[in-house]
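Chemist: One file: structure_22.json (JSON, C-alpha atoms).
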[["chain", "number", "residue", "atom", "x", "y", "z"],
["A", 1096, "MET", "CA", 0.00, 0.00, 0.00],
["A", 1097, "ASP", "CA", 1.31, 3.42, -0.99],
["A", 1098, "GLU", "CA", 0.92, 6.70, 0.90],
["A", 1099, "SER", "CA", -0.88, 8.17, -2.10],
["A", 1100, "PHE", "CA", -3.93, 6.15, -1.00],
["A", 1101, "VAL", "CA", -4.73, 8.76, 1.66],
["A", 1102, "LEU", "CA", -4.38, 11.76, -0.69],
["A", 1103, "THR", "CA", -8.06, 11.72, -1.66],
["A", 1104, "ASP", "CA", -9.29, 14.60, -3.84],
["A", 1105, "GLY", "CA", -11.98, 16.93, -2.54],
["A", 1106, "PRO", "CA", -12.72, 20.57, -1.67],
["A", 1107, "TRP", "CA", -9.62, 20.55, 0.51],
["A", 1108, "SER", "CA", -5.98, 20.96, -0.46],
["A", 1109, "HIS", "CA", -3.16, 18.62, 0.53],
["A", 1110, "ARG", "CA", 0.17, 19.91, 1.76],
["A", 1111, "PHE", "CA", 3.19, 18.76, 3.72],
["A", 1112, "VAL", "CA", 4.36, 20.82, 6.68],
["A", 1113, "GLY", "CA", 7.52, 20.45, 8.73],
["A", 1114, "ALA", "CA", 7.07, 20.70, 12.49],
["A", 1115, "ASN", "CA", 8.97, 19.38, 15.52],
["A", 1116, "GLY", "CA", 11.53, 17.72, 13.26],
["A", 1117, "THR", "CA", 8.93, 15.71, 11.31],
["A", 1118, "ARG", "CA", 7.04, 16.17, 8.04],
["A", 1119, "PHE", "CA", 3.26, 16.03, 8.46],
["A", 1120, "HIS", "CA", 0.53, 15.59, 5.87],
["A", 1121, "VAL", "CA", -2.23, 18.18, 6.26],
["A", 1122, "ALA", "CA", -5.59, 18.39, 4.48],
["A", 1123, "GLU", "CA", -6.85, 21.96, 4.70],
["A", 1124, "VAL", "CA", -9.95, 23.93, 3.71],
["A", 1125, "GLY", "CA", -11.40, 27.36, 4.49],
["A", 1126, "THR", "CA", -10.12, 30.62, 5.93],
["A", 1127, "GLY", "CA", -10.39, 32.14, 9.38],
["A", 1128, "PRO", "CA", -9.33, 31.04, 12.86],
["A", 1129, "LEU", "CA", -7.50, 27.71, 12.76],
["A", 1130, "VAL", "CA", -9.18, 24.48, 13.89],
["A", 1131, "LEU", "CA", -6.75, 21.55, 14.00],
["A", 1132, "PHE", "CA", -8.27, 18.05, 13.80],
["A", 1133, "LEU", "CA", -6.49, 15.00, 15.27],
["A", 1134, "HIS", "CA", -7.69, 11.51, 14.38],
["A", 1135, "GLY", "CA", -7.49, 8.44, 16.60],
["A", 1136, "PHE", "CA", -6.49, 4.80, 16.19],
["A", 1137, "PRO", "CA", -6.79, 3.13, 13.69],
["A", 1138, "GLU", "CA", -7.84, 6.11, 11.57],
["A", 1139, "TYR", "CA", -6.16, 8.83, 9.52],
["A", 1140, "TRP", "CA", -7.14, 12.38, 8.49],
["A", 1141, "TRP", "CA", -10.17, 11.08, 6.53],
["A", 1142, "ALA", "CA", -11.97, 10.72, 9.87],
["A", 1143, "TRP", "CA", -12.81, 14.44, 9.58],
["A", 1144, "HIS", "CA", -13.35, 14.89, 5.83],
["A", 1145, "ASP", "CA", -17.00, 16.00, 6.01],
["A", 1146, "ILE", "CA", -16.89, 17.69, 9.41],
["A", 1147, "MET", "CA", -13.92, 19.85, 8.41],
["A", 1148, "VAL", "CA", -15.78, 21.11, 5.33],
["A", 1149, "SER", "CA", -18.79, 22.11, 7.46],
["A", 1150, "VAL", "CA", -16.51, 23.84, 9.97],
["A", 1151, "ALA", "CA", -14.85, 25.72, 7.10],
["A", 1152, "ASP", "CA", -18.27, 26.78, 5.79],
["A", 1153, "ALA", "CA", -18.95, 28.24, 9.24],
["A", 1154, "GLY", "CA", -16.02, 30.63, 8.85],
["A", 1155, "PHE", "CA", -12.97, 28.72, 10.05],
["A", 1156, "ARG", "CA", -9.74, 27.35, 8.63],
["A", 1157, "ALA", "CA", -10.03, 23.59, 9.12],
["A", 1158, "ALA", "CA", -6.88, 21.47, 8.97],
["A", 1159, "ALA", "CA", -6.92, 17.69, 9.50],
["A", 1160, "ILE", "CA", -3.55, 16.02, 9.92],
["A", 1161, "ASP", "CA", -2.16, 12.55, 9.77],
["A", 1162, "LEU", "CA", -0.58, 12.05, 13.18],
["A", 1163, "ARG", "CA", 3.09, 11.13, 13.44],
["A", 1164, "GLY", "CA", 3.45, 7.63, 11.97],
["A", 1165, "TYR", "CA", 0.08, 7.55, 10.21],
["A", 1166, "GLY", "CA", -1.09, 8.05, 6.65],
["A", 1167, "ALA", "CA", 1.22, 10.21, 4.56],
["A", 1168, "SER", "CA", 3.06, 11.78, 7.50],
["A", 1169, "ASP", "CA", 6.62, 10.75, 8.30],
["A", 1170, "LYS", "CA", 7.13, 7.51, 10.23],
["A", 1171, "PRO", "CA", 10.23, 7.98, 12.37],
["A", 1172, "PRO", "CA", 11.20, 5.09, 14.66],
["A", 1173, "ARG", "CA", 10.88, 7.27, 17.78],
["A", 1174, "GLY", "CA", 8.82, 10.14, 19.13],
["A", 1175, "TYR", "CA", 5.60, 8.39, 20.15],
["A", 1176, "ASP", "CA", 5.69, 9.57, 23.76],
["A", 1177, "GLY", "CA", 3.16, 12.01, 25.17],
["A", 1178, "TYR", "CA", 5.61, 14.91, 25.27],
["A", 1179, "THR", "CA", 6.70, 14.68, 21.64],
["A", 1180, "MET", "CA", 3.22, 14.15, 20.21],
["A", 1181, "ALA", "CA", 1.90, 17.14, 22.19],
["A", 1182, "ALA", "CA", 4.79, 19.20, 20.78],
["A", 1183, "ASP", "CA", 3.86, 17.96, 17.28],
["A", 1184, "VAL", "CA", 0.48, 19.67, 17.68],
["A", 1185, "THR", "CA", 1.81, 23.00, 18.86],
["A", 1186, "GLY", "CA", 4.62, 22.89, 16.32],
["A", 1187, "LEU", "CA", 2.05, 22.42, 13.57],
["A", 1188, "ILE", "CA", 0.02, 25.39, 14.81],
["A", 1189, "ARG", "CA", 3.08, 27.60, 14.44],
["A", 1190, "ALA", "CA", 4.14, 25.99, 11.15],
["A", 1191, "LEU", "CA", 0.68, 26.76, 9.76],
["A", 1192, "GLY", "CA", 1.30, 30.42, 10.56],
["A", 1193, "GLU", "CA", -0.94, 30.80, 13.60],
["A", 1194, "ARG", "CA", -0.29, 31.86, 17.19],
["A", 1195, "SER", "CA", -3.00, 29.60, 18.58],
["A", 1196, "ALA", "CA", -5.75, 27.24, 17.45],
["A", 1197, "THR", "CA", -8.71, 25.19, 18.56],
["A", 1198, "VAL", "CA", -7.71, 21.53, 18.79],
["A", 1199, "VAL", "CA", -10.28, 18.80, 18.10],
["A", 1200, "GLY", "CA", -9.13, 15.27, 18.89],
["A", 1201, "ALA", "CA", -10.82, 11.86, 18.79],
["A", 1202, "GLY", "CA", -9.66, 8.72, 20.59],
["A", 1203, "ALA", "CA", -5.85, 8.67, 20.67],
["A", 1204, "GLY", "CA", -5.94, 12.12, 19.07],
["A", 1205, "GLY", "CA", -8.04, 13.29, 21.99],
["A", 1206, "MET", "CA", -5.39, 12.05, 24.41],
["A", 1207, "VAL", "CA", -2.80, 14.04, 22.47],
["A", 1208, "GLY", "CA", -5.14, 17.04, 22.63],
["A", 1209, "TRP", "CA", -5.40, 16.77, 26.42],
["A", 1210, "ALA", "CA", -1.59, 16.78, 26.67],
["A", 1211, "ALA", "CA", -1.14, 19.66, 24.22],
["A", 1212, "ALA", "CA", -3.64, 21.81, 26.13],
["A", 1213, "SER", "CA", -1.97, 20.99, 29.44],
["A", 1214, "PHE", "CA", 1.63, 21.51, 28.32],
["A", 1215, "HIS", "CA", 1.11, 24.43, 25.90],
["A", 1216, "PRO", "CA", -2.03, 26.36, 26.99],
["A", 1217, "LYS", "CA", -0.98, 29.56, 25.20],
["A", 1218, "LEU", "CA", -1.11, 27.80, 21.83],
["A", 1219, "VAL", "CA", -4.38, 25.89, 22.39],
["A", 1220, "ASN", "CA", -7.21, 28.38, 22.86],
["A", 1221, "ARG", "CA", -10.01, 25.80, 22.93],
["A", 1222, "LEU", "CA", -10.19, 22.01, 23.09],
["A", 1223, "VAL", "CA", -12.80, 19.53, 21.89],
["A", 1224, "VAL", "CA", -12.28, 15.90, 22.92],
["A", 1225, "LEU", "CA", -14.23, 12.96, 21.52],
["A", 1226, "GLY", "CA", -14.10, 9.42, 22.90],
["A", 1227, "ALA", "CA", -11.07, 10.09, 25.11],
["A", 1228, "ALA", "CA", -10.75, 10.38, 28.87],
["A", 1229, "HIS", "CA", -8.15, 12.65, 30.43],
["A", 1230, "PRO", "CA", -4.92, 10.56, 30.53],
["A", 1231, "LEU", "CA", -4.84, 10.52, 34.32],
["A", 1232, "ARG", "CA", -8.50, 9.56, 34.53],
["A", 1233, "LEU", "CA", -7.89, 6.66, 32.15],
["A", 1234, "ARG", "CA", -4.79, 5.61, 34.09],
["A", 1235, "ALA", "CA", -6.72, 5.56, 37.36],
["A", 1236, "ALA", "CA", -9.62, 3.61, 35.83],
["A", 1237, "LEU", "CA", -7.31, 0.90, 34.52],
["A", 1238, "PHE", "CA", -6.36, 0.09, 38.11],
["A", 1239, "ALA", "CA", -9.62, 0.89, 39.89],
["A", 1240, "ASP", "CA", -12.03, -0.71, 37.41],
["A", 1241, "PRO", "CA", -10.52, -4.10, 36.41],
["A", 1242, "ARG", "CA", -13.80, -5.59, 35.17],
["A", 1243, "GLY", "CA", -14.70, -2.41, 33.35],
["A", 1244, "GLN", "CA", -12.04, -0.18, 31.80],
["A", 1245, "PHE", "CA", -9.15, -2.63, 32.15],
["A", 1246, "ALA", "CA", -11.17, -5.34, 30.39],
["A", 1247, "ALA", "CA", -12.24, -2.80, 27.74],
["A", 1248, "SER", "CA", -8.56, -1.99, 27.16],
["A", 1249, "SER", "CA", -7.55, -5.59, 26.42],
["A", 1250, "ALA", "CA", -6.43, -4.58, 22.93],
["A", 1251, "ILE", "CA", -3.79, -2.28, 24.43],
["A", 1252, "VAL", "CA", -2.39, -5.23, 26.37],
["A", 1253, "ARG", "CA", -2.15, -7.22, 23.13],
["A", 1254, "PHE", "CA", -0.38, -4.29, 21.44],
["A", 1255, "GLN", "CA", 2.55, -4.77, 23.82],
["A", 1256, "VAL", "CA", 3.49, -8.09, 22.18],
["A", 1257, "PRO", "CA", 6.64, -7.65, 20.05],
["A", 1258, "ARG", "CA", 5.97, -7.52, 16.31],
["A", 1259, "PHE", "CA", 2.22, -7.44, 16.90],
["A", 1260, "GLU", "CA", 2.03, -4.99, 13.98],
["A", 1261, "HIS", "CA", 2.30, -8.03, 11.69],
["A", 1262, "VAL", "CA", -0.80, -9.49, 13.33],
["A", 1263, "LEU", "CA", -2.59, -6.16, 12.93],
["A", 1264, "THR", "CA", -1.96, -6.04, 9.17],
["A", 1265, "ARG", "CA", -2.44, -9.76, 8.45],
["A", 1266, "ASP", "CA", -5.22, -10.79, 6.03],
["A", 1267, "ASP", "CA", -5.72, -7.30, 4.61],
["A", 1268, "ALA", "CA", -5.65, -5.82, 8.14],
["A", 1269, "ALA", "CA", -8.71, -7.83, 9.18],
["A", 1270, "LEU", "CA", -8.04, -7.14, 12.86],
["A", 1271, "VAL", "CA", -8.36, -3.40, 12.26],
["A", 1272, "GLY", "CA", -11.89, -3.96, 10.97],
["A", 1273, "GLU", "CA", -12.69, -6.26, 13.90],
["A", 1274, "LEU", "CA", -11.57, -3.70, 16.47],
["A", 1275, "MET", "CA", -13.51, -0.92, 14.76],
["A", 1276, "SER", "CA", -16.64, -3.05, 14.72],
["A", 1277, "LYS", "CA", -16.20, -3.95, 18.38],
["A", 1278, "TRP", "CA", -15.79, -0.32, 19.43],
["A", 1279, "SER", "CA", -18.67, 1.02, 17.31],
["A", 1280, "SER", "CA", -22.36, 1.04, 18.08],
["A", 1281, "PRO", "CA", -24.21, -2.00, 16.63],
["A", 1282, "LYS", "CA", -26.19, 0.24, 14.27],
["A", 1283, "PHE", "CA", -23.08, 1.84, 12.80],
["A", 1284, "ALA", "CA", -21.17, -1.46, 12.61],
["A", 1285, "ASP", "CA", -23.96, -2.89, 10.44],
["A", 1286, "SER", "CA", -24.14, 0.11, 8.12],
["A", 1287, "GLU", "CA", -22.79, 0.50, 4.60],
["A", 1288, "GLU", "CA", -20.87, 3.60, 5.69],
["A", 1289, "PHE", "CA", -18.99, 1.56, 8.28],
["A", 1290, "GLY", "CA", -17.92, -0.92, 5.61],
["A", 1291, "ASP", "CA", -16.44, 1.86, 3.48],
["A", 1292, "TYR", "CA", -14.76, 3.58, 6.42],
["A", 1293, "ALA", "CA", -13.29, 0.39, 7.85],
["A", 1294, "TYR", "CA", -11.96, -0.49, 4.38],
["A", 1295, "ARG", "CA", -10.17, 2.87, 4.17],
["A", 1296, "CYS", "CA", -8.67, 2.52, 7.64],
["A", 1297, "ARG", "CA", -7.54, -1.05, 6.94],
["A", 1298, "LYS", "CA", -5.77, 0.05, 3.77],
["A", 1299, "ALA", "CA", -4.14, 3.06, 5.44],
["A", 1300, "MET", "CA", -2.83, 0.84, 8.25],
["A", 1301, "GLN", "CA", -1.03, -1.26, 5.62],
["A", 1302, "ILE", "CA", 1.15, 1.64, 4.51],
["A", 1303, "PRO", "CA", 4.71, 0.54, 5.35],
["A", 1304, "GLN", "CA", 5.62, 1.18, 9.01],
["A", 1305, "ALA", "CA", 2.20, 2.71, 9.84],
["A", 1306, "ALA", "CA", 1.12, -0.20, 12.04],
["A", 1307, "PHE", "CA", 4.42, -0.25, 13.95],
["A", 1308, "CYS", "CA", 4.25, 3.50, 14.58],
["A", 1309, "ALA", "CA", 0.61, 3.36, 15.66],
["A", 1310, "LEU", "CA", 1.37, 0.67, 18.23],
["A", 1311, "GLU", "CA", 4.48, 2.44, 19.52],
["A", 1312, "ALA", "CA", 2.34, 5.14, 21.14],
["A", 1313, "TYR", "CA", 0.46, 2.49, 23.13],
["A", 1314, "ARG", "CA", 3.71, 0.73, 23.97],
["A", 1315, "TRP", "CA", 5.13, 3.97, 25.35],
["A", 1316, "VAL", "CA", 2.17, 4.23, 27.72],
["A", 1317, "ALA", "CA", 2.98, 0.80, 29.15],
["A", 1318, "ARG", "CA", 6.77, 1.21, 29.11],
["A", 1319, "SER", "CA", 6.67, 4.60, 30.84],
["A", 1320, "ALA", "CA", 4.43, 3.47, 33.69],
["A", 1321, "LEU", "CA", 7.43, 2.38, 35.77],
["A", 1322, "ARG", "CA", 9.96, 4.87, 34.41],
["A", 1323, "LEU", "CA", 10.97, 8.38, 35.43],
["A", 1324, "GLN", "CA", 9.70, 9.76, 32.11],
["A", 1325, "GLY", "CA", 6.23, 8.43, 32.86],
["A", 1326, "TYR", "CA", 6.32, 9.79, 36.42],
["A", 1327, "ARG", "CA", 7.17, 13.25, 35.09],
["A", 1328, "PHE", "CA", 4.37, 13.04, 32.55],
["A", 1329, "VAL", "CA", 1.87, 12.23, 35.29],
["A", 1330, "LYS", "CA", 3.14, 15.10, 37.45],
["A", 1331, "LEU", "CA", 2.80, 17.57, 34.58],
["A", 1332, "MET", "CA", -0.68, 16.34, 33.67],
["A", 1333, "GLN", "CA", -1.81, 16.83, 37.26],
["A", 1334, "ARG", "CA", -1.76, 20.58, 36.71],
["A", 1335, "PRO", "CA", -5.35, 21.61, 35.93],
["A", 1336, "SER", "CA", -5.89, 22.81, 32.36],
["A", 1337, "ASN", "CA", -7.01, 26.40, 31.87],
["A", 1338, "VAL", "CA", -8.14, 25.75, 28.27],
["A", 1339, "PRO", "CA", -11.94, 25.84, 27.68],
["A", 1340, "THR", "CA", -12.87, 22.22, 26.98],
["A", 1341, "LEU", "CA", -15.85, 20.47, 25.42],
["A", 1342, "GLN", "CA", -15.91, 16.71, 25.95],
["A", 1343, "LEU", "CA", -18.16, 14.56, 23.77],
["A", 1344, "HIS", "CA", -18.56, 10.84, 24.39],
["A", 1345, "GLY", "CA", -20.60, 8.04, 22.90],
["A", 1346, "SER", "CA", -23.00, 6.35, 25.31],
["A", 1347, "LEU", "CA", -22.12, 2.94, 23.78],
["A", 1348, "ASP", "CA", -18.35, 3.42, 23.67],
["A", 1349, "THR", "CA", -16.73, 0.08, 24.56],
["A", 1350, "ALA", "CA", -13.11, 1.26, 24.13],
["A", 1351, "VAL", "CA", -13.19, 4.12, 26.64],
["A", 1352, "LEU", "CA", -16.18, 3.59, 28.91],
["A", 1353, "PRO", "CA", -18.39, 6.63, 29.56],
["A", 1354, "ARG", "CA", -17.91, 6.26, 33.30],
["A", 1355, "THR", "CA", -14.16, 6.47, 32.77],
["A", 1356, "ALA", "CA", -14.34, 9.62, 30.66],
["A", 1357, "GLN", "CA", -16.93, 11.42, 32.74],
["A", 1358, "GLY", "CA", -14.54, 12.25, 35.57],
["A", 1359, "SER", "CA", -12.17, 14.19, 33.31],
["A", 1360, "GLY", "CA", -13.65, 17.56, 34.16],
["A", 1361, "ARG", "CA", -11.82, 17.57, 37.49],
["A", 1362, "TYR", "CA", -8.63, 18.37, 35.56],
["A", 1363, "VAL", "CA", -10.06, 21.51, 33.91],
["A", 1364, "THR", "CA", -10.40, 24.88, 35.67],
["A", 1365, "ALA", "CA", -11.57, 26.76, 32.56],
["A", 1366, "PRO", "CA", -15.15, 26.55, 31.19],
["A", 1367, "TYR", "CA", -15.94, 22.87, 30.68],
["A", 1368, "GLU", "CA", -18.88, 20.98, 29.21],
["A", 1369, "TRP", "CA", -19.67, 17.27, 29.09],
["A", 1370, "ARG", "CA", -22.01, 15.86, 26.44],
["A", 1371, "LEU", "CA", -23.00, 12.19, 26.24],
["A", 1372, "ILE", "CA", -24.15, 11.42, 22.69],
["A", 1373, "PRO", "CA", -26.79, 8.66, 22.77],
["A", 1374, "GLU", "CA", -26.63, 5.53, 20.62],
["A", 1375, "THR", "CA", -23.05, 6.13, 19.49],
["A", 1376, "GLY", "CA", -19.83, 4.24, 20.11],
["A", 1377, "HIS", "CA", -16.15, 5.15, 20.05],
["A", 1378, "PHE", "CA", -16.24, 6.71, 16.56],
["A", 1379, "LEU", "CA", -18.99, 9.21, 17.27],
["A", 1380, "HIS", "CA", -17.52, 11.67, 14.74],
["A", 1381, "ARG", "CA", -18.37, 9.09, 12.06],
["A", 1382, "GLU", "CA", -21.49, 7.69, 13.72],
["A", 1383, "ALA", "CA", -23.20, 11.05, 14.35],
["A", 1384, "PRO", "CA", -21.29, 13.59, 12.24],
["A", 1385, "ASP", "CA", -24.13, 16.12, 12.12],
["A", 1386, "VAL", "CA", -24.46, 16.17, 15.90],
["A", 1387, "VAL", "CA", -20.71, 16.38, 16.40],
["A", 1388, "THR", "CA", -20.36, 19.14, 13.79],
["A", 1389, "GLY", "CA", -23.08, 21.18, 15.49],
["A", 1390, "GLU", "CA", -21.41, 20.80, 18.88],
["A", 1391, "ILE", "CA", -17.99, 21.78, 17.54],
["A", 1392, "ILE", "CA", -19.29, 24.90, 15.80],
["A", 1393, "ARG", "CA", -21.33, 25.85, 18.87],
["A", 1394, "TRP", "CA", -18.24, 25.55, 21.06],
["A", 1395, "LEU", "CA", -16.13, 27.55, 18.60],
["A", 1396, "LYS", "CA", -18.63, 30.41, 18.74],
["A", 1397, "THR", "CA", -19.40, 30.26, 22.48],
["A", 1398, "PRO", "CA", -17.90, 33.29, 24.32],
["A", 1399, "THR", "CA", -15.42, 32.35, 27.05]]
Please lay out the structure from this file as structure tokens.

Modeler:
Amino acid sequence: MDESFVLTDGPWSHRFVGANGTRFHVAEVGTGPLVLFLHGFPEYWWAWHDIMVSVADAGFRAAAIDLRGYGASDKPPRGYDGYTMAADVTGLIRALGERSATVVGAGAGGMVGWAAASFHPKLVNRLVVLGAAHPLRLRAALFADPRGQFAASSAIVRFQVPRFEHVLTRDDAALVGELMSKWSSPKFADSEEFGDYAYRCRKAMQIPQAAFCALEAYRWVARSALRLQGYRFVKLMQRPSNVPTLQLHGSLDTAVLPRTAQGSGRYVTAPYEWRLIPETGHFLHREAPDVVTGEIIRWLKTPT
């Protein structure tokens, strides 16, 4: 599979931007204040293709990136720790010519968004998080809720196995489709749209080195738990965020349980809102794009 697979034509333009020592692929549309979209696992920038157009129509500059190691972005062997990926986001904001931006992140991208807002609050003026608990809330739930969140995170445990990326991409990346189906609502998993979206994500994960890079971020989480680097990350994340935050979560999310995500507001001192979206799973930006788009635009235009 070639990187050109993700360079789908549309009303957006594709460009490559250097930031934090890495070249990132960016799909961009519209003019106005910057809104930076971060996809999750096992997605790529296409996760936002329709939402970003609607946000641009509302008067914003919408830019969806391929995270480090995904899609058409560079795939360096290192840099998948929380510090570096947060710096990727703020480096991209500056590389795109802006002093600050609204960051919208889903799943793993939401976790990166939490870190970017915490570490670099002057560059993130607003945050929208979908399907992602605050990193410390997720960490606590893994220990305190073994039958709930720890069981729901069984895939992360499997990701720690050496060379598991070959299992992930085996049989046309069948496991990617299985995980997406498991984490989605039953209605979405049975839909024609899911079939097309899962196909795209399976193909993108087969781009050389993409699967290895995607798993490295999860491996860092496990490796750092007993290391000084992880201890420092936890200490830094304990500082309450002063970035206005909107948190959206699917009521049927089986990857990050709603009860895990709901306690994240304790880490935000700025204006904060929690919205539970009914009948949606982990990929609520694909399962209920109209609802999510409306919430994002509302939050962008809400005075703080």

Chemist: Which residues are near Ile1392 (chain A)? Cut-off 9 Å, only C-alpha atoms, ignore same chain within fewer than 5 positions. Put them as a CSV table (one decimal) with C-alpha atoms, in the frame of the given file.

Modeler:
chain,number,residue,atom,x,y,z
A,1149,SER,CA,-18.8,22.1,7.5
A,1150,VAL,CA,-16.5,23.8,10.0
A,1153,ALA,CA,-19.0,28.2,9.2
A,1387,VAL,CA,-20.7,16.4,16.4
A,1397,THR,CA,-19.4,30.3,22.5

Chemist: Of the candidates A:Pro1366, A:Pro1257, A:Gly1192, A:Gly1243, which one gets nearest to Val1223 (chain A) if we count only C-alpha atoms?

Modeler: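 Going through A:Pro1366, A:Pro1257, A:Gly1192, A:Gly1243 one by one, the smallest distance to Val1223 (chain A) is for A:Pro1366.
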
Chemist: So the first atom is CA of Gln1342 (chain A) and the second is CA of Leu1237 (chain A); what is the distance between them in Å, to one decimal place?

Modeler: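 Taking CA of Gln1342 (chain A) as the start and CA of Leu1237 (chain A) as the end point, the length is 19.9 Å.
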
Chemist: Could you check how far CA of Ala1350 (chain A) sits from CA of Ile1160 (chain A), in Å to one decimal?

Modeler: 22.6 Å

Chemist: What gap, in Å, lies between CA of Glu1193 (chain A) and CA of Leu1131 (chain A)?

Modeler: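 CA of Leu1131 (chain A) lies 10.9 Å from CA of Glu1193 (chain A).
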
Chemist: May I ask which of the residues A:Phe1132, A:Phe1100, A:Phe1289, A:Tyr1178 is the closest one to Arg1327 (chain A), counting only C-alpha atoms?

Modeler: A:Tyr1178

Chemist: Neighbouring residues of region 1306-1311 of chain A were defined as those with any atom within 12 Å, considering all atoms listed in the file; residues of the same chain fewer than 6 positions away were excluded. Please report them as a PDB file with C-alpha atoms, keeping the file's coordinate frame.

Modeler:
ATOM      1  CA  HIS A1134      -7.690  11.510  14.380  1.00  0.00           C
ATOM      2  CA  GLY A1135      -7.490   8.440  16.600  1.00  0.00           C
ATOM      3  CA  PHE A1136      -6.490   4.800  16.190  1.00  0.00           C
ATOM      4  CA  PRO A1137      -6.790   3.130  13.690  1.00  0.00           C
ATOM      5  CA  GLU A1138      -7.840   6.110  11.570  1.00  0.00           C
ATOM      6  CA  TYR A1139      -6.160   8.830   9.520  1.00  0.00           C
ATOM      7  CA  ASP A1161      -2.160  12.550   9.770  1.00  0.00           C
ATOM      8  CA  LEU A1162      -0.580  12.050  13.180  1.00  0.00           C
ATOM      9  CA  ARG A1163       3.090  11.130  13.440  1.00  0.00           C
ATOM     10  CA  GLY A1164       3.450   7.630  11.970  1.00  0.00           C
ATOM     11  CA  TYR A1165       0.080   7.550  10.210  1.00  0.00           C
ATOM     12  CA  GLY A1166      -1.090   8.050   6.650  1.00  0.00           C
ATOM     13  CA  SER A1168       3.060  11.780   7.500  1.00  0.00           C
ATOM     14  CA  ASP A1169       6.620  10.750   8.300  1.00  0.00           C
ATOM     15  CA  LYS A1170       7.130   7.510  10.230  1.00  0.00           C
ATOM     16  CA  PRO A1171      10.230   7.980  12.370  1.00  0.00           C
ATOM     17  CA  PRO A1172      11.200   5.090  14.660  1.00  0.00           C
ATOM     18  CA  ARG A1173      10.880   7.270  17.780  1.00  0.00           C
ATOM     19  CA  GLY A1174       8.820  10.140  19.130  1.00  0.00           C
ATOM     20  CA  TYR A1175       5.600   8.390  20.150  1.00  0.00           C
ATOM     21  CA  ASP A1176       5.690   9.570  23.760  1.00  0.00           C
ATOM     22  CA  GLY A1177       3.160  12.010  25.170  1.00  0.00           C
ATOM     23  CA  MET A1180       3.220  14.150  20.210  1.00  0.00           C
ATOM     24  CA  ALA A1203      -5.850   8.670  20.670  1.00  0.00           C
ATOM     25  CA  GLY A1204      -5.940  12.120  19.070  1.00  0.00           C
ATOM     26  CA  ALA A1250      -6.430  -4.580  22.930  1.00  0.00           C
ATOM     27  CA  ILE A1251      -3.790  -2.280  24.430  1.00  0.00           C
ATOM     28  CA  VAL A1252      -2.390  -5.230  26.370  1.00  0.00           C
ATOM     29  CA  ARG A1253      -2.150  -7.220  23.130  1.00  0.00           C
ATOM     30  CA  PHE A1254      -0.380  -4.290  21.440  1.00  0.00           C
ATOM     31  CA  GLN A1255       2.550  -4.770  23.820  1.00  0.00           C
ATOM     32  CA  VAL A1256       3.490  -8.090  22.180  1.00  0.00           C
ATOM     33  CA  PRO A1257       6.640  -7.650  20.050  1.00  0.00           C
ATOM     34  CA  ARG A1258       5.970  -7.520  16.310  1.00  0.00           C
ATOM     35  CA  PHE A1259       2.220  -7.440  16.900  1.00  0.00           C
ATOM     36  CA  GLU A1260       2.030  -4.990  13.980  1.00  0.00           C
ATOM     37  CA  HIS A1261       2.300  -8.030  11.690  1.00  0.00           C
ATOM     38  CA  VAL A1262      -0.800  -9.490  13.330  1.00  0.00           C
ATOM     39  CA  LEU A1263      -2.590  -6.160  12.930  1.00  0.00           C
ATOM     40  CA  THR A1264      -1.960  -6.040   9.170  1.00  0.00           C
ATOM     41  CA  ARG A1265      -2.440  -9.760   8.450  1.00  0.00           C
ATOM     42  CA  ALA A1268      -5.650  -5.820   8.140  1.00  0.00           C
ATOM     43  CA  LEU A1270      -8.040  -7.140  12.860  1.00  0.00           C
ATOM     44  CA  VAL A1271      -8.360  -3.400  12.260  1.00  0.00           C
ATOM     45  CA  CYS A1296      -8.670   2.520   7.640  1.00  0.00           C
ATOM     46  CA  ARG A1297      -7.540  -1.050   6.940  1.00  0.00           C
ATOM     47  CA  LYS A1298      -5.770   0.050   3.770  1.00  0.00           C
ATOM     48  CA  ALA A1299      -4.140   3.060   5.440  1.00  0.00           C
ATOM     49  CA  MET A1300      -2.830   0.840   8.250  1.00  0.00           C
ATOM     50  CA  ALA A1317       2.980   0.800  29.150  1.00  0.00           C
ATOM     51  CA  ARG A1318       6.770   1.210  29.110  1.00  0.00           C
ATOM     52  CA  SER A1319       6.670   4.600  30.840  1.00  0.00           C
TER      53      SER A1319
END

Chemist: May I ask which of the residues A:Gly1226, A:Gly1116, A:Gly1389, A:Pro1384 is the closest one to Trp1369 (chain A), counting only C-alpha atoms?

Modeler: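 Under the stated criterion, the closest residue is A:Gly1226.
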
Chemist: Env of Arg1370 (chain A): 10 Å cut, atoms = all atoms listed in the file, seq-sep filter 2 positions within chain, self excluded. Answer as a list in words.

Modeler: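 My reading of the contact set: Leu1225, Leu1341, Gln1342, Leu1343, His1344, Gly1345, Ser1346, Gln1357, Glu1368, Ile1372, Pro1373 and Glu1390 of chain A.
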
Chemist: For Ala1212 (chain A), which residue out of A:Val1386, A:Ala1236, A:Val1363, A:Ala1246 is the nearest one, using all atoms listed in the file?

Modeler: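 Among A:Val1386, A:Ala1236, A:Val1363, A:Ala1246, it is A:Val1363 that comes nearest to Ala1212 (chain A).
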